[in-house]
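Here is the file final-v6.cif (mmCIF, C-alpha atoms).
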data_work
#
loop_
_atom_site.label_atom_id
_atom_site.label_comp_id
_atom_site.auth_asym_id
_atom_site.auth_seq_id
_atom_site.Cartn_x
_atom_site.Cartn_y
_atom_site.Cartn_z
CA MET A 1 179.53 -114.24 2.38
CA PRO A 2 179.73 -111.82 5.34
CA ALA A 3 177.89 -112.93 8.48
CA LEU A 4 175.26 -110.87 10.26
CA ARG A 5 176.92 -108.88 13.06
CA VAL A 6 174.95 -108.62 16.31
CA PHE A 7 176.00 -106.26 19.10
CA VAL A 8 175.07 -107.55 22.58
CA SER A 9 174.61 -104.69 25.04
CA SER A 10 174.10 -105.23 28.77
CA THR A 11 175.80 -105.05 32.14
CA CYS A 12 178.18 -107.97 32.56
CA ILE A 13 178.21 -108.79 36.29
CA ASP A 14 174.53 -109.66 36.74
CA LEU A 15 173.83 -110.83 33.16
CA GLY A 16 177.06 -112.71 32.42
CA SER A 17 175.40 -116.11 32.03
CA HIS A 18 172.77 -114.72 29.66
CA ARG A 19 175.49 -113.04 27.58
CA GLU A 20 177.31 -116.37 27.24
CA GLN A 21 174.10 -118.09 26.16
CA ILE A 22 173.30 -115.38 23.62
CA ARG A 23 176.82 -115.64 22.22
CA ALA A 24 176.41 -119.40 21.83
CA LEU A 25 173.04 -118.91 20.10
CA LEU A 26 174.46 -116.37 17.66
CA MET A 27 177.40 -118.59 16.76
CA ARG A 28 175.10 -121.59 16.21
CA MET A 29 173.12 -119.47 13.76
CA GLY A 30 176.29 -118.45 11.92
CA TYR A 31 176.19 -114.83 13.12
CA ASP A 32 179.11 -112.77 14.44
CA PRO A 33 178.54 -111.57 18.01
CA ILE A 34 180.08 -108.25 19.08
CA MET A 35 180.69 -108.33 22.83
CA SER A 36 183.04 -106.18 24.88
CA ASP A 37 183.88 -109.00 27.31
CA TYR A 38 185.12 -111.17 24.41
CA SER A 39 187.48 -108.54 22.92
CA ASP A 40 185.14 -107.95 19.95
CA VAL A 41 185.30 -104.17 20.50
CA LEU A 42 188.26 -102.21 19.14
CA TYR A 43 189.50 -99.92 21.90
CA ASP A 44 191.02 -96.77 20.43
CA PRO A 45 193.99 -95.81 22.64
CA ALA A 46 193.24 -92.14 22.01
CA LYS A 47 189.70 -92.41 23.42
CA HIS A 48 187.91 -93.60 26.54
CA THR A 49 186.74 -97.22 26.47
CA HIS A 50 183.12 -96.03 26.77
CA THR A 51 183.54 -94.05 23.56
CA SER A 52 185.04 -97.07 21.79
CA CYS A 53 182.06 -99.22 22.78
CA ILE A 54 179.65 -96.67 21.35
CA ALA A 55 181.68 -96.35 18.14
CA GLU A 56 181.56 -100.12 17.64
CA VAL A 57 177.76 -100.13 17.54
CA GLN A 58 177.70 -98.60 14.05
CA ASN A 59 179.50 -101.70 12.74
CA ALA A 60 176.60 -103.94 13.79
CA ASP A 61 173.54 -105.01 11.82
CA MET A 62 171.41 -105.57 14.92
CA VAL A 63 171.56 -104.94 18.67
CA VAL A 64 170.34 -107.21 21.45
CA LEU A 65 169.81 -105.13 24.61
CA LEU A 66 169.39 -106.75 28.04
CA ILE A 67 168.12 -104.68 30.99
CA GLY A 68 168.53 -106.23 34.41
CA SER A 69 168.98 -105.26 38.03
CA ARG A 70 172.16 -103.19 37.63
CA PHE A 71 172.64 -99.74 36.13
CA GLY A 72 176.32 -100.26 35.31
CA GLY A 73 179.04 -97.65 35.09
CA THR A 74 178.06 -94.05 34.41
CA ALA A 75 179.18 -93.05 30.93
CA VAL A 76 181.87 -90.36 30.66
CA PRO A 77 180.99 -86.97 29.06
CA GLU A 78 183.23 -87.77 26.06
CA ALA A 79 181.06 -90.80 25.22
CA LEU A 80 177.84 -88.83 25.69
CA SER A 81 179.06 -86.12 23.32
CA GLU A 82 179.26 -88.69 20.52
CA LEU A 83 175.46 -88.81 20.30
CA ASP A 84 173.20 -86.56 18.25
CA ALA A 85 170.57 -85.53 20.80
CA GLY A 86 168.34 -83.89 18.19
CA ALA A 87 168.18 -87.01 16.04
CA ILE A 88 167.31 -89.15 19.07
CA SER A 89 164.70 -86.74 20.44
CA SER A 90 162.99 -86.60 17.05
CA LYS A 91 162.17 -90.29 17.38
CA LEU A 92 160.19 -89.86 20.61
CA THR A 93 156.43 -89.63 21.05
CA GLY A 94 154.69 -87.90 23.94
CA ASP A 95 156.23 -85.90 26.77
CA VAL A 96 159.24 -87.93 27.89
CA SER A 97 161.96 -86.51 30.10
CA ALA A 98 164.40 -87.97 32.59
CA GLY A 99 164.64 -84.74 34.59
CA ASP A 100 167.55 -82.45 35.33
CA GLU A 101 169.53 -85.13 37.18
CA ALA A 102 169.56 -87.65 34.34
CA LYS A 103 172.65 -89.75 33.81
CA TYR A 104 173.38 -92.63 31.48
CA SER A 105 175.29 -95.87 31.62
CA THR A 106 177.54 -97.13 28.85
CA THR A 107 174.93 -99.80 28.03
CA GLN A 108 172.26 -97.14 27.62
CA LEU A 109 174.47 -95.03 25.35
CA GLU A 110 175.15 -98.09 23.16
CA ALA A 111 171.40 -98.47 22.73
CA LEU A 112 170.98 -94.73 22.06
CA ARG A 113 173.60 -94.85 19.30
CA ALA A 114 171.73 -97.73 17.64
CA ILE A 115 168.48 -95.76 17.92
CA GLU A 116 170.16 -92.66 16.48
CA ILE A 117 171.40 -94.39 13.31
CA GLY A 118 168.42 -96.74 12.90
CA ILE A 119 169.92 -100.13 13.75
CA PRO A 120 167.19 -102.64 14.79
CA ILE A 121 167.15 -103.26 18.56
CA PHE A 122 165.68 -106.25 20.37
CA THR A 123 165.20 -105.17 24.00
CA PHE A 124 164.70 -107.67 26.82
CA VAL A 125 163.86 -106.61 30.39
CA ASP A 126 164.07 -108.90 33.40
CA ALA A 127 160.46 -109.73 34.38
CA LYS A 128 160.97 -108.61 37.99
CA VAL A 129 162.49 -105.30 36.89
CA TYR A 130 159.65 -104.79 34.42
CA ALA A 131 157.04 -105.41 37.14
CA ASP A 132 158.73 -102.88 39.40
CA HIS A 133 158.84 -100.44 36.50
CA HIS A 134 155.04 -100.37 36.49
CA THR A 135 155.09 -99.59 40.22
CA TYR A 136 157.63 -96.82 39.65
CA THR A 137 155.59 -95.29 36.83
CA LYS A 138 152.46 -95.10 38.97
CA ASN A 139 154.21 -93.54 41.95
CA LYS A 140 157.12 -91.48 40.62
CA ASP A 141 155.26 -88.17 41.02
CA MET A 142 154.30 -88.91 44.62
CA ASP A 143 156.09 -87.29 47.57
CA PHE A 144 157.17 -90.68 48.88
CA SER A 145 158.50 -92.00 45.52
CA ASP A 146 162.17 -91.59 46.44
CA ARG A 147 161.65 -93.70 49.58
CA ILE A 148 160.38 -96.78 47.72
CA SER A 149 162.83 -99.68 47.69
CA TYR A 150 162.52 -102.01 44.68
CA ALA A 151 163.52 -105.60 45.30
CA SER A 152 164.55 -106.12 41.68
CA ILE A 153 167.19 -103.34 41.71
CA GLN A 154 170.57 -104.02 43.33
CA LYS A 155 171.40 -100.37 44.10
CA PRO A 156 168.31 -98.34 45.13
CA GLU A 157 169.85 -95.01 44.06
CA THR A 158 170.01 -96.23 40.43
CA ALA A 159 166.39 -97.41 40.20
CA LYS A 160 165.03 -94.24 38.58
CA TYR A 161 167.73 -94.27 35.88
CA ILE A 162 166.90 -97.86 34.90
CA PHE A 163 163.15 -97.30 34.98
CA GLU A 164 163.29 -94.00 33.07
CA PHE A 165 165.30 -95.66 30.33
CA ILE A 166 162.67 -98.40 30.01
CA THR A 167 160.06 -95.63 29.69
CA PHE A 168 162.22 -93.97 27.03
CA VAL A 169 162.39 -97.16 24.93
CA THR A 170 158.63 -97.67 25.07
CA HIS A 171 158.02 -94.08 23.93
CA LEU A 172 160.05 -94.33 20.73
CA SER A 173 157.99 -93.83 17.58
CA SER A 174 159.63 -96.90 16.02
CA ASN A 175 162.19 -99.58 16.85
CA ASN A 176 160.62 -99.75 20.32
CA ALA A 177 159.88 -103.47 20.70
CA LEU A 178 160.44 -104.52 24.33
CA THR A 179 159.94 -107.99 25.83
CA SER A 180 160.08 -109.11 29.45
CA TYR A 181 161.71 -112.44 30.23
CA SER A 182 162.10 -114.83 33.15
CA ASN A 183 164.76 -117.14 31.70
CA PHE A 184 167.08 -117.38 28.70
CA GLY A 185 164.80 -119.86 26.91
CA GLU A 186 162.27 -117.06 26.46
CA ILE A 187 164.95 -114.79 24.96
CA GLU A 188 166.10 -117.49 22.56
CA ALA A 189 162.59 -118.39 21.40
CA HIS A 190 161.70 -114.73 20.83
CA LEU A 191 164.85 -113.93 18.85
CA ILE A 192 164.52 -116.97 16.59
CA LYS A 193 160.88 -116.16 15.79
CA GLN A 194 161.59 -112.48 15.21
CA TRP A 195 164.59 -113.07 12.96
CA SER A 196 162.69 -115.67 10.97
CA GLY A 197 159.85 -113.18 10.53
CA LEU A 198 162.25 -110.45 9.42
CA PHE A 199 163.74 -112.73 6.79
CA GLN A 200 160.27 -113.62 5.52
CA MET A 201 159.33 -109.92 5.40
CA LEU A 202 162.56 -109.14 3.50
CA LEU A 203 161.75 -111.75 0.86
CA ARG A 204 158.22 -110.39 0.38
CA ASP A 205 159.41 -106.79 0.26
CA SER A 206 162.17 -107.67 -2.21
CA ARG A 207 159.67 -109.23 -4.61
CA ALA A 208 157.33 -106.25 -4.35
CA LYS A 209 160.14 -103.70 -4.58
CA ARG A 210 161.64 -105.35 -7.65
CA ALA A 211 158.32 -105.27 -9.50
CA ASP A 212 157.46 -101.71 -8.43
CA GLY A 213 161.00 -100.51 -9.13
CA ARG A 214 160.93 -101.76 -12.71
CA LYS A 215 157.58 -100.11 -13.34
CA ALA A 216 158.72 -96.83 -11.79
CA ASP A 217 161.98 -96.86 -13.75
CA ALA A 218 160.14 -97.44 -17.00
CA ILE A 219 157.74 -94.57 -16.34
CA ILE A 220 160.50 -92.19 -15.31
CA GLU A 221 162.53 -93.13 -18.38
CA GLN A 222 159.59 -92.29 -20.64
CA ILE A 223 158.87 -89.03 -18.86
CA GLN A 224 162.50 -87.94 -19.07
CA ASP A 225 162.67 -88.85 -22.76
CA LEU A 226 159.62 -86.72 -23.48
CA LYS A 227 160.79 -83.86 -21.29
CA ALA A 228 164.26 -83.72 -22.81
CA ALA A 229 162.90 -83.97 -26.35
CA MET A 230 160.35 -81.23 -25.71
CA LEU A 231 163.02 -78.87 -24.37
CA GLN A 232 165.12 -79.30 -27.47
CA THR A 233 162.17 -79.09 -29.83
CA ILE A 234 161.59 -75.60 -28.49
CA SER A 235 165.20 -74.41 -28.31
CA ALA A 236 167.03 -76.03 -31.24
CA GLY A 237 166.89 -75.10 -34.90
CA SER A 238 166.92 -78.64 -36.30
CA ALA A 239 164.31 -79.68 -33.76
CA ARG A 240 163.44 -83.11 -35.09
CA ASP A 241 167.01 -84.38 -35.45
CA VAL A 242 168.02 -83.06 -32.06
CA ALA A 243 164.92 -84.52 -30.38
CA ARG A 244 165.71 -87.94 -31.86
CA ALA A 245 169.30 -87.69 -30.66
CA VAL A 246 168.15 -86.72 -27.16
CA ILE A 247 165.90 -89.78 -26.97
CA ARG A 248 168.53 -92.15 -28.36
CA TYR A 249 171.51 -90.92 -26.34
CA ARG A 250 169.86 -89.59 -23.18
CA ARG A 251 171.11 -92.36 -20.86
CA LEU A 252 174.64 -92.07 -22.29
CA ALA A 253 174.44 -88.29 -21.87
CA ASP A 254 173.29 -88.77 -18.25
CA PHE A 255 176.41 -90.80 -17.61
CA VAL A 256 178.97 -88.50 -19.24
CA ILE A 257 177.40 -85.43 -17.61
CA ALA A 258 177.70 -87.07 -14.18
CA MET A 259 181.28 -88.15 -14.95
CA ARG A 260 182.36 -84.64 -15.95
CA HIS A 261 182.80 -84.07 -12.22
CA TYR A 262 185.93 -86.27 -12.44
CA ALA A 263 187.40 -84.38 -15.43
CA PRO A 264 185.89 -80.87 -15.39
CA SER A 265 188.25 -79.53 -18.05
CA LEU A 266 187.21 -82.18 -20.60
CA ASP A 267 185.12 -80.87 -23.52
CA ILE A 268 182.65 -83.72 -24.11
CA ALA A 269 181.15 -82.18 -27.24
CA ASP A 270 184.62 -81.96 -28.84
CA TYR A 271 185.86 -85.39 -27.74
CA GLN A 272 186.51 -87.72 -30.70
CA ARG A 273 188.32 -90.66 -29.11
CA SER A 274 186.84 -94.04 -28.10
CA PHE A 275 184.59 -94.70 -25.12
CA ASN A 276 187.40 -96.60 -23.37
CA ASP A 277 189.66 -93.59 -23.82
CA LEU A 278 186.93 -91.40 -22.38
CA LEU A 279 186.69 -93.63 -19.30
CA THR A 280 190.46 -93.42 -18.88
CA ASP A 281 190.33 -89.63 -19.03
CA PHE A 282 187.65 -89.75 -16.36
CA GLY A 283 190.13 -91.64 -14.15
CA VAL A 284 188.58 -95.12 -14.55
CA VAL A 285 191.11 -97.95 -14.37
CA GLU A 286 188.78 -100.97 -14.28
CA VAL A 287 185.17 -101.87 -15.07
CA THR A 288 183.46 -104.72 -13.23
CA GLN A 289 180.04 -105.77 -11.97
CA ALA A 290 178.82 -105.16 -8.43
CA VAL A 291 176.91 -107.61 -6.27
CA GLU A 292 173.69 -106.00 -5.03
CA GLY A 293 172.60 -105.84 -1.43
CA SER A 294 169.41 -107.82 -2.15
CA SER A 295 167.41 -109.19 -5.08
CA SER A 296 165.48 -105.94 -5.43
CA GLY A 297 167.17 -104.81 -8.64
CA PHE A 298 169.70 -105.50 -11.38
CA PRO A 299 173.42 -105.70 -10.53
CA ARG A 300 175.08 -102.36 -11.17
CA THR A 301 178.29 -101.64 -13.06
CA VAL A 302 181.30 -100.70 -10.95
CA LEU A 303 184.01 -98.30 -12.11
CA ILE A 304 187.22 -98.40 -10.10
CA LEU A 305 188.99 -95.03 -10.13
CA ASN A 306 192.71 -94.26 -10.14
CA ASP A 307 192.50 -92.87 -6.59
CA ASP A 308 191.45 -96.37 -5.37
CA THR A 309 187.83 -95.35 -4.74
CA TYR A 310 184.96 -96.65 -6.82
CA LEU A 311 181.70 -95.66 -8.51
CA ARG A 312 178.51 -97.67 -8.86
CA VAL A 313 176.67 -96.86 -12.09
CA ARG A 314 172.93 -97.33 -12.07
CA VAL A 315 172.80 -99.57 -15.15
CA PRO A 316 173.46 -103.33 -15.52
CA ASP A 317 176.67 -104.41 -17.23
CA ARG A 318 175.08 -105.19 -20.62
CA ARG A 319 173.48 -101.76 -20.75
CA PHE A 320 176.80 -100.18 -19.83
CA GLU A 321 178.56 -102.10 -22.63
CA ALA A 322 176.06 -100.56 -25.06
CA PHE A 323 177.40 -97.13 -24.10
CA ALA A 324 180.54 -97.86 -26.16
CA VAL A 325 178.45 -98.37 -29.33
CA GLU A 326 176.30 -95.34 -28.59
CA TRP A 327 179.36 -93.20 -27.95
CA ALA A 328 180.89 -94.20 -31.30
CA GLU A 329 177.75 -92.86 -32.98
CA PHE A 330 177.30 -89.85 -30.70
CA SER A 331 180.88 -88.65 -31.12
CA GLN A 332 180.40 -88.42 -34.89
CA LEU A 333 177.44 -86.03 -34.67
CA GLU A 334 177.83 -82.35 -35.42
CA LYS A 335 179.19 -80.48 -32.41
CA GLU A 336 176.16 -78.21 -32.36
CA THR A 337 173.89 -81.25 -32.09
CA LYS A 338 175.99 -82.80 -29.34
CA VAL A 339 175.94 -79.56 -27.35
CA ALA A 340 172.16 -79.38 -27.75
CA VAL A 341 171.73 -82.99 -26.59
CA LEU A 342 173.94 -82.54 -23.54
CA GLN A 343 172.25 -79.25 -22.66
CA GLY A 344 168.78 -80.74 -23.12
CA VAL A 345 169.50 -83.74 -20.92
CA SER A 346 171.16 -81.53 -18.31
CA ASP A 347 168.16 -79.17 -18.28
CA ALA A 348 165.73 -82.07 -18.01
CA GLY A 349 167.53 -83.37 -14.93
CA LEU A 350 166.77 -86.43 -12.83
CA PRO A 351 165.50 -85.30 -9.45
CA THR A 352 165.46 -88.74 -7.84
CA LEU A 353 167.51 -91.13 -9.92
CA GLY A 354 171.06 -89.89 -10.47
CA ILE A 355 173.10 -92.39 -12.46
CA VAL A 356 176.40 -92.41 -10.54
CA GLN A 357 177.05 -93.22 -6.86
CA HIS A 358 180.52 -92.61 -5.43
CA TYR A 359 182.13 -94.56 -2.55
CA GLY A 360 185.29 -93.21 -0.95
CA ARG A 361 186.88 -96.59 -0.28
CA PRO A 362 188.57 -99.40 -2.27
CA PHE A 363 186.20 -101.77 -4.04
CA GLN A 364 185.66 -105.14 -2.36
CA PRO A 365 182.69 -107.35 -3.36
CA GLU A 366 181.64 -107.98 0.26
CA GLN A 367 181.80 -104.29 1.18
CA ALA A 368 180.04 -103.31 -2.06
CA GLN A 369 177.19 -105.64 -1.13
CA THR A 370 176.92 -103.96 2.27
CA ASP A 371 177.04 -100.50 0.65
CA ALA A 372 174.26 -101.45 -1.76
CA LEU A 373 172.07 -102.79 1.04
CA MET A 374 172.64 -99.65 3.14
CA ASP A 375 171.59 -97.51 0.19
CA GLU A 376 168.41 -99.52 -0.32
CA VAL A 377 167.48 -99.37 3.35
CA ALA A 378 168.32 -95.68 3.71
CA GLU A 379 166.65 -94.86 0.38
CA VAL A 380 169.62 -92.83 -0.75
CA LEU A 381 170.59 -94.68 -3.92
CA PRO A 382 171.74 -92.90 -5.86
CA SER A 383 172.88 -89.60 -4.42
CA ASP A 384 176.07 -88.55 -6.18
CA GLY A 385 174.70 -87.59 -9.61
CA VAL A 386 174.84 -83.97 -10.68
CA SER A 387 171.11 -83.72 -10.01
CA GLY A 388 171.50 -84.94 -6.39
CA TRP A 389 174.71 -84.29 -4.46
CA THR A 390 176.19 -81.31 -6.27
CA ASP A 391 179.38 -79.68 -5.01
CA THR A 392 177.31 -76.91 -3.42
CA ARG A 393 175.06 -79.38 -1.58
CA LEU A 394 178.06 -81.39 -0.42
CA LYS A 395 179.65 -78.22 0.94
CA ILE A 396 176.46 -77.34 2.83
CA LEU A 397 176.31 -80.85 4.28
CA SER A 398 179.97 -80.81 5.37
CA THR A 399 179.72 -77.33 6.90
CA MET A 400 176.51 -78.00 8.82
CA TRP A 401 177.80 -81.40 9.92
CA SER A 402 181.00 -79.89 11.32
CA ASP A 403 178.90 -77.19 13.01
CA GLY A 404 177.07 -79.89 14.95
CA LYS A 405 173.70 -79.60 13.18
CA THR A 406 171.48 -82.67 13.33
CA ALA A 407 170.87 -84.85 10.28
CA SER A 408 167.24 -83.73 10.30
CA GLN A 409 168.26 -80.05 10.26
CA ILE A 410 170.67 -80.66 7.38
CA ALA A 411 168.02 -82.56 5.41
CA GLU A 412 165.54 -79.71 5.93
CA GLU A 413 168.10 -77.14 4.76
CA LEU A 414 169.01 -79.14 1.64
CA GLY A 415 165.48 -80.13 0.72
CA GLY A 416 164.53 -83.21 -1.29
CA VAL A 417 166.63 -85.55 0.83
CA SER A 418 165.89 -87.63 3.94
CA ARG A 419 167.83 -87.53 7.23
CA ASN A 420 168.90 -91.13 6.51
CA ALA A 421 170.32 -89.96 3.19
CA VAL A 422 172.29 -87.27 5.01
CA ILE A 423 173.68 -89.81 7.51
CA GLY A 424 174.55 -92.23 4.71
CA LYS A 425 176.32 -89.56 2.67
CA ALA A 426 178.24 -88.29 5.73
CA HIS A 427 179.33 -91.88 6.40
CA ARG A 428 180.56 -92.33 2.83
CA LEU A 429 182.39 -88.99 2.92
CA GLY A 430 184.17 -90.08 6.08
CA LEU A 431 182.93 -87.09 8.10
CA LYS A 432 183.87 -87.35 11.75
CA SER A 433 181.36 -87.68 14.57
CA ARG A 434 180.39 -84.29 15.97
CA PRO A 435 179.91 -83.21 19.58
CA ALA A 436 176.15 -83.38 20.04
CA PRO A 437 174.27 -80.37 21.42
CA ILE A 438 173.90 -81.94 24.86
CA ASN A 439 174.37 -80.54 28.32
CA VAL A 440 175.65 -83.56 30.20
CA ASN A 441 174.01 -82.32 33.39
CA ASN A 442 170.60 -82.19 31.72
CA SER A 443 168.27 -84.70 30.17
CA LEU A 444 169.08 -86.24 26.83
CA LEU A 445 165.54 -87.51 26.48
CA GLY A 446 163.83 -84.11 26.65
CA ASP A 447 164.78 -81.58 23.97
#

Entire entry expressed as structure tokens:
Amino acid sequence: MPALRVFVSSTCIDLGSHREQIRALLMRMGYDPIMSDYSDVLYDPAKHTHTSCIAEVQNADMVVLLIGSRFGGTAVPEALSELDAGAISSKLTGDVSAGDEAKYSTTQLEALRAIEIGIPIFTFVDAKVYADHHTYTKNKDMDFSDRISYASIQKPETAKYIFEFITFVTHLSSNNALTSYSNFGEIEAHLIKQWSGLFQMLLRDSRAKRADGRKADAIIEQIQDLKAAMLQTISAGSARDVARAVIRYRRLADFVIAMRHYAPSLDIADYQRSFNDLLTDFGVVEVTQAVEGSSSGFPRTVLILNDDTYLRVRVPDRRFEAFAVEWAEFSQLEKETKVAVLQGVSDAGLPTLGIVQHYGRPFQPEQAQTDALMDEVAEVLPSDGVSGWTDTRLKILSTMWSDGKTASQIAEELGGVSRNAVIGKAHRLGLKSRPAPINVNNSLLGD
């Protein structure tokens, strides 16, 4: 079972002892710490080390951020360009700006990347720094503000950058929990309580989601049955027979319609061979069962394709096995009836629950579990059915992504999809990070 990966972000010189203690705590709990000073970060020779640190954040499940008396090294423009300023600014409340002379440390950019992609952050601020932050906030607009020397800050010229970042974190609309601390014991106690509470919340939410999901699925199934049958009752000559066929074979038809993407020249209505042969013609080389990300639903069926990628089909394995029996019956119907059934199901559509989800990587049970959990959290499962991510919508996503548009802008253009769904799909498509629309001499926090 894969361990929880926790990225520890802070300056190293002043907070080295706390970093060691956090690492020891994480390892005692069976978690995998990600820390630059322990060679846990992969440094890409083609990029600056700052950029590599930021890239590593997306491989974490959580981030622990420590803010102390030092600002740290100023991040290079290449690292700053990795961030999506629009996505970050959209998470702010109130009028927050760092001014025209804003600059950011590598530690701050690591936190901003986590904020951008929605990774939970646990922020701890040294109690003395936090006290001085209140003083800074009350006096920063005064004429004498730049002459105040703060005892908690090692380099006076960096004080405003540290304090403004604390202000930024507290003005996030979510993921903005911030705790002051005087010693490591307070950090440890807080993390243990918070993580225990998160686990308890996950168990409660899983129970509720499983019950609600089953009810919603049942209702949607009934609605789609009625909708598809009604369409064919109106349009087909032998209305009753066609309507019955639509109801009986609708889920099978959903599947083969979605799979036509992988064999566009295949005439489904004319196909007379077995269901296994049909899967082979679709490029399927193996059928297995996926492990879900949580207990919120039934395990899905996995189809491994001949290009070494895989599909997750939104039906449990027993239901998928029934497709073979249904196909044997369906393939023997009159072609006119089969065409009417496929057309009726296609016209009915499934606006939210496409049956097939594609992953552009080899199937591994551990990775599949992570993929499933990401889909549940991002609320993008499924998104590859013909009624969700069509070729046209994928092209729009790819084009806007490469043009540097924010995930929120892409979601608004596509309609019917969340910004998290856009980010998740871009991740699965392997789209590269884009230069964010940021002027490195101006504020990232104000947009």

A:Arg250, A:Ile396, A:Val417, A:Leu303 ranked by distance to Lys338 of chain A, top pick (using only C-alpha atoms): A:Arg250

A:Leu112, A:Val125, A:Ile423, A:Ala60 ranked by distance to Tyr181 of chain A, top pick (using all atoms listed in the file):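 Smallest distance to Tyr181 of chain A is found for A:Val125.
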
Protein and nucleic acid residues near (190.5, -90.6, 20.4) (cut-off 12 Å, only C-alpha atoms) as a ChimeraX atom specification: /A:42-52,55,78-79,82,432-433

Hits from the PyMOL selection byres ((chain A and resi 300) around 6), listed as a ChimeraX atom specification: /A:290,299,301,313-316

Just-selected residues, C-alpha atoms written as a PDB file, in the coordinates of the input:
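selection_39.pdb written:
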ATOM      1  CA  ALA A 290     178.820-105.160  -8.430  1.00  0.00           C
ATOM      2  CA  PRO A 299     173.420-105.700 -10.530  1.00  0.00           C
ATOM      3  CA  THR A 301     178.290-101.640 -13.060  1.00  0.00           C
ATOM      4  CA  VAL A 313     176.670 -96.860 -12.090  1.00  0.00           C
ATOM      5  CA  ARG A 314     172.930 -97.330 -12.070  1.00  0.00           C
ATOM      6  CA  VAL A 315     172.800 -99.570 -15.150  1.00  0.00           C
ATOM      7  CA  PRO A 316     173.460-103.330 -15.520  1.00  0.00           C
TER       8      PRO A 316
END

Long-range neighbours of Arg260 of chain A as a list in words, 12 Å cut-off, all atoms listed in the file, 4 positions minimum in chain: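 My reading of the contact set: Ala253, Asp254, Phe255, Val256, Pro264, Ser265, Leu266, Asp267, Ile268, Ala269, Leu278, Leu279, Asp281, Phe282, Gly283, Leu342, Ser346, Val356, Gly385, Val386 and Thr390 of chain A.
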
Radius query 12 Å about (167.1, -84.9, 14.0), atoms used: only C-alpha atoms, as a PyMOL selection string: chain A and resi 83-92+115-118+401+404-412+418-420+422-423+436-437+447

I need the chosen residues saved as a PDB file, keeping the file's coordinate frame, with C-alpha atoms.
ATOM      1  CA  LEU A  83     175.460 -88.810  20.300  1.00  0.00           C
ATOM      2  CA  ASP A  84     173.200 -86.560  18.250  1.00  0.00           C
ATOM      3  CA  ALA A  85     170.570 -85.530  20.800  1.00  0.00           C
ATOM      4  CA  GLY A  86     168.340 -83.890  18.190  1.00  0.00           C
ATOM      5  CA  ALA A  87     168.180 -87.010  16.040  1.00  0.00           C
ATOM      6  CA  ILE A  88     167.310 -89.150  19.070  1.00  0.00           C
ATOM      7  CA  SER A  89     164.700 -86.740  20.440  1.00  0.00           C
ATOM      8  CA  SER A  90     162.990 -86.600  17.050  1.00  0.00           C
ATOM      9  CA  LYS A  91     162.170 -90.290  17.380  1.00  0.00           C
ATOM     10  CA  LEU A  92     160.190 -89.860  20.610  1.00  0.00           C
ATOM     11  CA  ILE A 115     168.480 -95.760  17.920  1.00  0.00           C
ATOM     12  CA  GLU A 116     170.160 -92.660  16.480  1.00  0.00           C
ATOM     13  CA  ILE A 117     171.400 -94.390  13.310  1.00  0.00           C
ATOM     14  CA  GLY A 118     168.420 -96.740  12.900  1.00  0.00           C
ATOM     15  CA  TRP A 401     177.800 -81.400   9.920  1.00  0.00           C
ATOM     16  CA  GLY A 404     177.070 -79.890  14.950  1.00  0.00           C
ATOM     17  CA  LYS A 405     173.700 -79.600  13.180  1.00  0.00           C
ATOM     18  CA  THR A 406     171.480 -82.670  13.330  1.00  0.00           C
ATOM     19  CA  ALA A 407     170.870 -84.850  10.280  1.00  0.00           C
ATOM     20  CA  SER A 408     167.240 -83.730  10.300  1.00  0.00           C
ATOM     21  CA  GLN A 409     168.260 -80.050  10.260  1.00  0.00           C
ATOM     22  CA  ILE A 410     170.670 -80.660   7.380  1.00  0.00           C
ATOM     23  CA  ALA A 411     168.020 -82.560   5.410  1.00  0.00           C
ATOM     24  CA  GLU A 412     165.540 -79.710   5.930  1.00  0.00           C
ATOM     25  CA  SER A 418     165.890 -87.630   3.940  1.00  0.00           C
ATOM     26  CA  ARG A 419     167.830 -87.530   7.230  1.00  0.00           C
ATOM     27  CA  ASN A 420     168.900 -91.130   6.510  1.00  0.00           C
ATOM     28  CA  VAL A 422     172.290 -87.270   5.010  1.00  0.00           C
ATOM     29  CA  ILE A 423     173.680 -89.810   7.510  1.00  0.00           C
ATOM     30  CA  ALA A 436     176.150 -83.380  20.040  1.00  0.00           C
ATOM     31  CA  PRO A 437     174.270 -80.370  21.420  1.00  0.00           C
ATOM     32  CA  ASP A 447     164.780 -81.580  23.970  1.00  0.00           C
TER      33      ASP A 447
END

Shell around segment 189-194 of chain A at 9 Å using all atoms listed in the file, local window under 4 positions removed, as JSON, numbers by chain: {"A": [122, 179, 184, 185, 198, 199]}

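Closest to Ser10 of chain A among A:Phe144, A:Phe124, A:Tyr104, A:Tyr262 is A:Phe124, based on only C-alpha atoms.
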